[in-house]
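Here is the structure we will look at.
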Amino acid sequence: MSKLITVTVNGVKVQAEAGNLLSEIIRGEKPCGGHGRCGKCRVVAKGFLSAPSESELKLLTRGETERGVRLACLTRALGDCEIETNDKISREQIITSGATEDFELDPIFERYGVAIDIGTTTLAARLYGADGSLLAETAEINPQRAWAADVISRVEAALSGKDRELMLAIRQALDGMIGKLSKVAFIDPREIDGVVVTGNTVMLSLLVGESAEPFSHAPFEAKRLFGEYFGAGELGLSSLEEDTFVYLPPCISAFVGADTTCAIIATGLLKSECAILTDIGTNGEIAQTNNGRLTVCSTAAGPAFEGVGITMGMRGAAGAIDKVYIEDGSIKAHVIGDTSPVGICGSGLVDAVACMLEEEIIEDDGYLEEDEFTVLDPVFLTPRDIRMLQLAKSAICAGIMTLIKTEKIDINNISRIYIAGGFGSYLNLESASRIGLIPRALKDKANVVGNAALAGAVRLLLDRGARKVAERLARDAVTVELSSNPIFSDLYTSGMMLEEI
């Protein structure tokens with residue numbers, strides 16, 4: 001039998017098994033999947049702990065080690081100890097609103113309905129009455145981040161035996177959110193008689209307990225693409241009646257999920273003769289309509305836009321530099337919460353690089369002569385950080401241009417580009433086009449639509465006829481595979497340059 005120890009976390013005593021990682025005890029983030037590469041899981045710890053490994057010491061400064069700073073994903077509690085975490089940095093800005101076209105009200109429920117978006121990073125939910133009125137909304141961090149930050153790392157965690165833990169974590173989180181919504185609206189959650197849950201294919205698979213194995217290797221063909229109804233009891237949503245239906249919209253392919261299907265519905269993309277939708281993130285999904293033909297693709301941009309892999313990167317929370325601009329010949333920055341800077345988030349990173357190009361601090365190929373550039377003391381960028389952004393932005397723009405070239409479209413004939421997702425909501429479009437993240441010809445045609453995935457889930461909740469549209473578009477969409485596509489390969493290489501396209 002394992003020895004139980006007492007661990008004091010932010011002043012609260014908890015019981016844990018001796019030998020557990022600190023990240024397991026505090027359920028903290030592991031952006032790099034717990035491999036000790038990103039250094040983002042810093043805590044202050046003292047007591048009976050494992051000695052710092054060589055990997056850990058490489059990521060910590062001498063001053064940090066002297067203050068007791070440790071990496072939670074590499075440090076084990078061997079006996080009684082104390083841990084202090086920085087909760088301030090974990091309070092993120094989560095987008096719950098999203099643009100949607102007008103539609104005729106015809107809800108799929110009779111009393112109350114809930115729409116939920118399971119994002120890889122965040123969760124968002126809304127509660128509606130049968131008259132279409134928004135009664136409550138809530139958002140929180142996806143608890144699965146405690147295992148891994150991105151989709152692929154989460155698949156790896158599931159395959160390593162953590163699949164049940166991942167499933168229970170998301171089910172408990174959704175159940176808790178439904179409870180919060182009900183409390184705010186002063187209703188009994190058992191009165192809720194319809195739920196729509198959207199998300200990418202991996203997130204929905206983890207929710208229902210489907211094996212993540214097909215996502216780990218070619219040809220990446222998911223066993224289940226959903227478009228299915230479940231009973232709340234089947235999904236462990238104990239706050240609802242067991243037979244309350246939960247609809248999971250159809251995914252298009254293994255890496256173009258129901259969230260993209262919902263975003264297409266919300267924006268009315270199919271009604272456009274020639275338009276593009278893109279969700280810029282770790283896994284950038286792109287959809288394009290051209291005279292009724294829908295093509296889609298997914299491009300692995302990596303987590304740089306969410307601050308992962310960037311020396312002082314973080315997500316959009318208090319203390320993050322989110323805007324960088326030039327004023328009176330100097331580079332200046334804004335910090336979320338108007339507090340002291342702690343790090344830099346994705347939108348700030350794009351701005352900073354655009355400003356550094358304008359001031360000729362870096363060259364078009366990303367070359368930075370100095371070891372680091374201070375954006376706003378003490379936050380700085382390194383040559384490696386610039387490189388990480390180049391890789392991410394090139395993947396997104398190459399994906400967009402591959403769809404355009406595959407369909408032989410004149411870019412000037414594209415009427416609109418919809419930019420969805422939390423990162424896109426804060427993105428400065430001028431900066432994005434300056435570094436080549438989005439083509440210059442599309443900048444003035446951009447429409448930022450927020451959480452279009454949740455907006456689409458709401459549409460499916462309030463418009464009975466939208467389900468058939470979702471299932472038809474998911475069935476008819478043509479997926480363009482980028483991994484072996486020569487057009488994408490050429491564009492990705494040339495897209496590494498920090499220049500307008």
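Labels used: A, B, ... for chains in the order of the structure tokens, numbers from 1 for residues in each chain, and numbers from 1 for ligands as shown.
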### Message
At a cut-off of 6 Å, using only C-alpha atoms, what residues contact segment 414-425 of chain A? Leave out same-chain residues fewer than 3 positions from it and give the result as a count of residues only.
### Response
16
Would you tabulate, counting only C-alpha atoms, all residues of segment 69-161 of chain A that have an atom at most 12 Å from an atom of segment 248-257 of chain A, showing the closest pair of atoms and their distance in Å to one decimal, sorted by chain then ascending number, as JSON lines?
{"residue": "A:Ala115", "atom": "CA", "partner": "A:Leu248", "partner_atom": "CA", "distance": 10.3}
{"residue": "A:Ile116", "atom": "CA", "partner": "A:Leu248", "partner_atom": "CA", "distance": 9.9}
{"residue": "A:Asp117", "atom": "CA", "partner": "A:Leu248", "partner_atom": "CA", "distance": 10.4}
{"residue": "A:Ile118", "atom": "CA", "partner": "A:Leu248", "partner_atom": "CA", "distance": 10.9}
{"residue": "A:Gly119", "atom": "CA", "partner": "A:Gly257", "partner_atom": "CA", "distance": 10.8}
{"residue": "A:Thr120", "atom": "CA", "partner": "A:Gly257", "partner_atom": "CA", "distance": 11.7}
{"residue": "A:Val151", "atom": "CA", "partner": "A:Phe255", "partner_atom": "CA", "distance": 9.5}
{"residue": "A:Ile152", "atom": "CA", "partner": "A:Phe255", "partner_atom": "CA", "distance": 10.4}
Residues just named, written with N, CA, C and O atoms as a short mmCIF file (atom, residue, chain, number, x, y, z; two decimals), in the first residue's frame:
data_model
loop_
_atom_site.label_atom_id
_atom_site.label_comp_id
_atom_site.auth_asym_id
_atom_site.auth_seq_id
_atom_site.Cartn_x
_atom_site.Cartn_y
_atom_site.Cartn_z
N ALA A 115 -26.06 24.65 -24.93
CA ALA A 115 -25.06 24.46 -26.00
C ALA A 115 -23.68 24.57 -25.37
O ALA A 115 -23.43 25.49 -24.57
N ILE A 116 -22.79 23.64 -25.71
CA ILE A 116 -21.45 23.60 -25.13
C ILE A 116 -20.40 23.42 -26.22
O ILE A 116 -20.59 22.63 -27.15
N ASP A 117 -19.32 24.15 -26.09
CA ASP A 117 -18.16 23.98 -26.99
C ASP A 117 -17.00 23.45 -26.17
O ASP A 117 -16.55 24.11 -25.23
N ILE A 118 -16.53 22.24 -26.51
CA ILE A 118 -15.35 21.68 -25.86
C ILE A 118 -14.14 22.06 -26.69
O ILE A 118 -13.84 21.43 -27.71
N GLY A 119 -13.46 23.10 -26.29
CA GLY A 119 -12.22 23.48 -26.97
C GLY A 119 -11.06 22.73 -26.35
O GLY A 119 -11.14 22.27 -25.21
N THR A 120 -9.98 22.61 -27.07
CA THR A 120 -8.80 21.94 -26.54
C THR A 120 -8.29 22.66 -25.29
O THR A 120 -7.84 22.03 -24.34
N VAL A 151 -3.73 18.78 -28.92
CA VAL A 151 -4.48 17.59 -29.30
C VAL A 151 -3.59 16.35 -29.37
O VAL A 151 -3.93 15.30 -28.81
N ILE A 152 -2.45 16.46 -30.04
CA ILE A 152 -1.60 15.29 -30.23
C ILE A 152 -1.06 14.78 -28.90
O ILE A 152 -1.03 13.57 -28.63
#
### Residue contacts of segment 340-357 of chain A (7 Å, only C-alpha atoms) excluding same-chain residues fewer than 3 positions away, as a PyMOL selection string
chain A and resi 304-307+312-316+319-326+335+360-363+379+423+426-427+431-432+434-435
### Message
Taking 5 positions as the minimum chain separation for residues in the same chain, which residues sit within 9 Å of segment 169-185 of chain A when counting only C-alpha atoms? Answer as a list in words.
### Response
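Residues near the query, excluding close chain neighbours: Val114, Ile116, Ile118, Leu123, Ala124, Ala125, Arg126, Leu127, Leu135, Ala136, Glu137, Thr138, Ala139, Glu140, Asn142, Pro143, Gln144, Arg164, Ile192, Met203, Leu206, Leu207, Val208, Leu235, Gly236, Leu237, Ser238, Ser239 and Leu240 of chain A.
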Restricted to C-alpha atoms, what would the selected residues look like written as a PDB file, in the first residue's frame?
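The file below, out.pdb, is the result:
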ATOM      1  CA  VAL A 114     -27.746  23.992 -23.319  1.00  0.00           C
ATOM      2  CA  ILE A 116     -21.453  23.597 -25.126  1.00  0.00           C
ATOM      3  CA  ILE A 118     -15.346  21.684 -25.860  1.00  0.00           C
ATOM      4  CA  LEU A 123     -14.855  25.234 -22.406  1.00  0.00           C
ATOM      5  CA  ALA A 124     -17.814  27.538 -23.051  1.00  0.00           C
ATOM      6  CA  ALA A 125     -21.528  26.962 -22.476  1.00  0.00           C
ATOM      7  CA  ARG A 126     -24.843  28.776 -22.822  1.00  0.00           C
ATOM      8  CA  LEU A 127     -28.320  28.087 -21.430  1.00  0.00           C
ATOM      9  CA  LEU A 135     -30.517  32.822 -19.624  1.00  0.00           C
ATOM     10  CA  ALA A 136     -26.921  32.215 -18.560  1.00  0.00           C
ATOM     11  CA  GLU A 137     -23.428  31.557 -19.856  1.00  0.00           C
ATOM     12  CA  THR A 138     -20.231  30.261 -18.338  1.00  0.00           C
ATOM     13  CA  ALA A 139     -16.690  29.386 -19.378  1.00  0.00           C
ATOM     14  CA  GLU A 140     -13.681  27.717 -17.844  1.00  0.00           C
ATOM     15  CA  ASN A 142     -10.544  22.511 -20.072  1.00  0.00           C
ATOM     16  CA  PRO A 143      -9.300  20.346 -17.155  1.00  0.00           C
ATOM     17  CA  GLN A 144      -7.637  17.959 -19.625  1.00  0.00           C
ATOM     18  CA  ARG A 164     -10.397   7.052 -18.530  1.00  0.00           C
ATOM     19  CA  ILE A 192     -33.086  20.929 -19.135  1.00  0.00           C
ATOM     20  CA  MET A 203     -12.305  16.036 -27.891  1.00  0.00           C
ATOM     21  CA  LEU A 206     -12.444  11.454 -25.381  1.00  0.00           C
ATOM     22  CA  LEU A 207     -15.858  12.562 -24.089  1.00  0.00           C
ATOM     23  CA  VAL A 208     -17.668   9.398 -25.196  1.00  0.00           C
ATOM     24  CA  LEU A 235     -22.059  10.571 -20.809  1.00  0.00           C
ATOM     25  CA  GLY A 236     -22.025  10.773 -17.028  1.00  0.00           C
ATOM     26  CA  LEU A 237     -23.982  14.044 -16.885  1.00  0.00           C
ATOM     27  CA  SER A 238     -25.613  13.294 -13.551  1.00  0.00           C
ATOM     28  CA  SER A 239     -27.128  16.753 -13.120  1.00  0.00           C
ATOM     29  CA  LEU A 240     -29.576  15.941 -15.951  1.00  0.00           C
TER      30      LEU A 240
END
Dump as JSON lines the rows for residues of segment 103-211 of chain A within 12 Å of segment 12-24 of chain A: closest atom pair and distance in Å with one decimal, only C-alpha atoms counted, ordered by chain and rising residue number.
{"residue": "A:Gln144", "atom": "CA", "partner": "A:Glu24", "partner_atom": "CA", "distance": 11.8}
{"residue": "A:Arg145", "atom": "CA", "partner": "A:Ser23", "partner_atom": "CA", "distance": 10.9}
{"residue": "A:Ala146", "atom": "CA", "partner": "A:Ser23", "partner_atom": "CA", "distance": 7.4}
{"residue": "A:Trp147", "atom": "CA", "partner": "A:Glu24", "partner_atom": "CA", "distance": 8.7}
{"residue": "A:Ala148", "atom": "CA", "partner": "A:Ser23", "partner_atom": "CA", "distance": 11.2}
{"residue": "A:Glu165", "atom": "CA", "partner": "A:Glu24", "partner_atom": "CA", "distance": 11.7}
### Message
What parts of segment 125-340 of chain A does DSSP call strand (DSSP E or B)? I'd like the answer as a VMD selection string.
### Response
chain A and resid 125 to 129 134 to 141 192 to 199 226 to 231 245 to 250 253 256 274 to 279 283 to 290 293 to 300 313 317 320 to 327 330 to 335
#### Entry: Contacts of segment 455-462 of chain A at 9 Å (only C-alpha atoms; same-chain gap of 4+ positions) as an MDAnalysis selection string
chainID A and resid 96:100 103:109 113:117 126 128 130 132 194:198 247 249 259:267 450:451 466:467 470
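Distances to Thr339 of chain A were evaluated for A:Ala317, A:Leu60, A:Ile501, A:Leu4 using only C-alpha atoms, and the minimum falls at A:Ala317.
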#### Entry: Asp193 of chain A surroundings by only C-alpha atoms, 8 Å radius, close-in-sequence under 4 positions cut, as a list of chain:residue names
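So, after excluding close chain neighbours, the residues are A:Phe109, A:Glu110, A:Arg111, A:Tyr112, A:Gly113, A:Thr244, A:Phe245.
Going from atom CA of Asp385 of chain A over to atom CA of Gly281 of chain A, you cover 16.6 Å.
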Can you list, as a CSV table (one decimal) with C-alpha atoms, in the first residue's frame, all residues belonging to segment 140-297 of chain A that DSSP tags as alpha helix (DSSP H)?
chain,number,residue,atom,x,y,z
A,151,VAL,CA,-4.5,17.6,-29.3
A,152,ILE,CA,-1.6,15.3,-30.2
A,153,SER,CA,-0.1,15.3,-26.7
A,154,ARG,CA,-3.6,14.5,-25.4
A,155,VAL,CA,-3.9,11.6,-27.7
A,156,GLU,CA,-0.5,10.4,-26.4
A,157,ALA,CA,-1.8,10.7,-22.8
A,163,ASP,CA,-7.9,7.7,-21.4
A,164,ARG,CA,-10.4,7.1,-18.5
A,165,GLU,CA,-9.0,10.0,-16.5
A,166,LEU,CA,-9.4,12.3,-19.5
A,167,MET,CA,-12.9,11.1,-20.1
A,168,LEU,CA,-14.0,11.5,-16.4
A,169,ALA,CA,-12.3,15.0,-16.2
A,170,ILE,CA,-14.3,16.4,-19.2
A,171,ARG,CA,-17.5,14.8,-18.1
A,172,GLN,CA,-17.2,16.2,-14.6
A,173,ALA,CA,-16.4,19.6,-16.0
A,174,LEU,CA,-19.4,19.7,-18.3
A,175,ASP,CA,-21.7,18.4,-15.5
A,176,GLY,CA,-20.4,21.2,-13.3
A,177,MET,CA,-20.9,23.9,-15.9
A,178,ILE,CA,-24.5,22.7,-16.4
A,179,GLY,CA,-25.0,23.0,-12.7
A,180,LYS,CA,-23.6,26.6,-12.7
A,181,LEU,CA,-25.8,27.6,-15.6
A,182,SER,CA,-28.9,26.3,-13.8
A,183,LYS,CA,-28.0,28.1,-10.6
A,184,VAL,CA,-27.5,31.4,-12.3
A,185,ALA,CA,-30.9,31.0,-14.1
A,201,THR,CA,-13.0,15.0,-33.3
A,202,VAL,CA,-10.5,14.1,-30.6
A,203,MET,CA,-12.3,16.0,-27.9
A,204,LEU,CA,-15.6,14.3,-28.7
A,205,SER,CA,-13.9,10.9,-28.8
A,206,LEU,CA,-12.4,11.5,-25.4
A,207,LEU,CA,-15.9,12.6,-24.1
A,208,VAL,CA,-17.7,9.4,-25.2
A,258,ALA,CA,-17.7,19.3,-35.3
A,259,ASP,CA,-16.4,22.7,-34.2
A,260,THR,CA,-15.6,23.5,-37.8
A,261,THR,CA,-19.0,22.2,-38.9
A,262,CYS,CA,-20.7,24.4,-36.4
A,263,ALA,CA,-18.6,27.4,-37.4
A,264,ILE,CA,-19.6,26.9,-41.0
A,265,ILE,CA,-23.3,26.9,-40.0
A,266,ALA,CA,-22.9,30.0,-37.7
A,267,THR,CA,-21.2,32.1,-40.4
### Message
Please determine, counting only C-alpha atoms, which residue among A:Glu407, A:Cys397, A:Gly36, A:Glu481 has the shortest atom-to-atom distance to Leu442 of chain A.
### Response
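Among the listed residues, the smallest separation from Leu442 of chain A belongs to A:Cys397.
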### Task
Could you check which of A:Val480, A:Thr282, A:Ile310, A:Gly399 is closest to Cys38 of chain A, using only C-alpha atoms?
A:Ile310
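Those residues that approach Ala45 of chain A to within 10 Å, counting only C-alpha atoms, are Thr8, Val9, Leu22, Arg42, Val43, Gly47, Phe48, Leu49, Arg67, Gly68, Val69, Arg70, Leu71, Ala72, Thr75, Ala77, Cys81, Glu82, Ile83, Glu84 and Thr85 of chain A; same-chain residues fewer than 2 positions away are not listed.
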### Task
One decimal, Å: what's the distance from atom CA of Thr382 of chain A over to atom CA of Leu59 of chain A, could you say?
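Spanning atom CA of Thr382 of chain A to atom CA of Leu59 of chain A is a straight-line distance of 14.5 Å.
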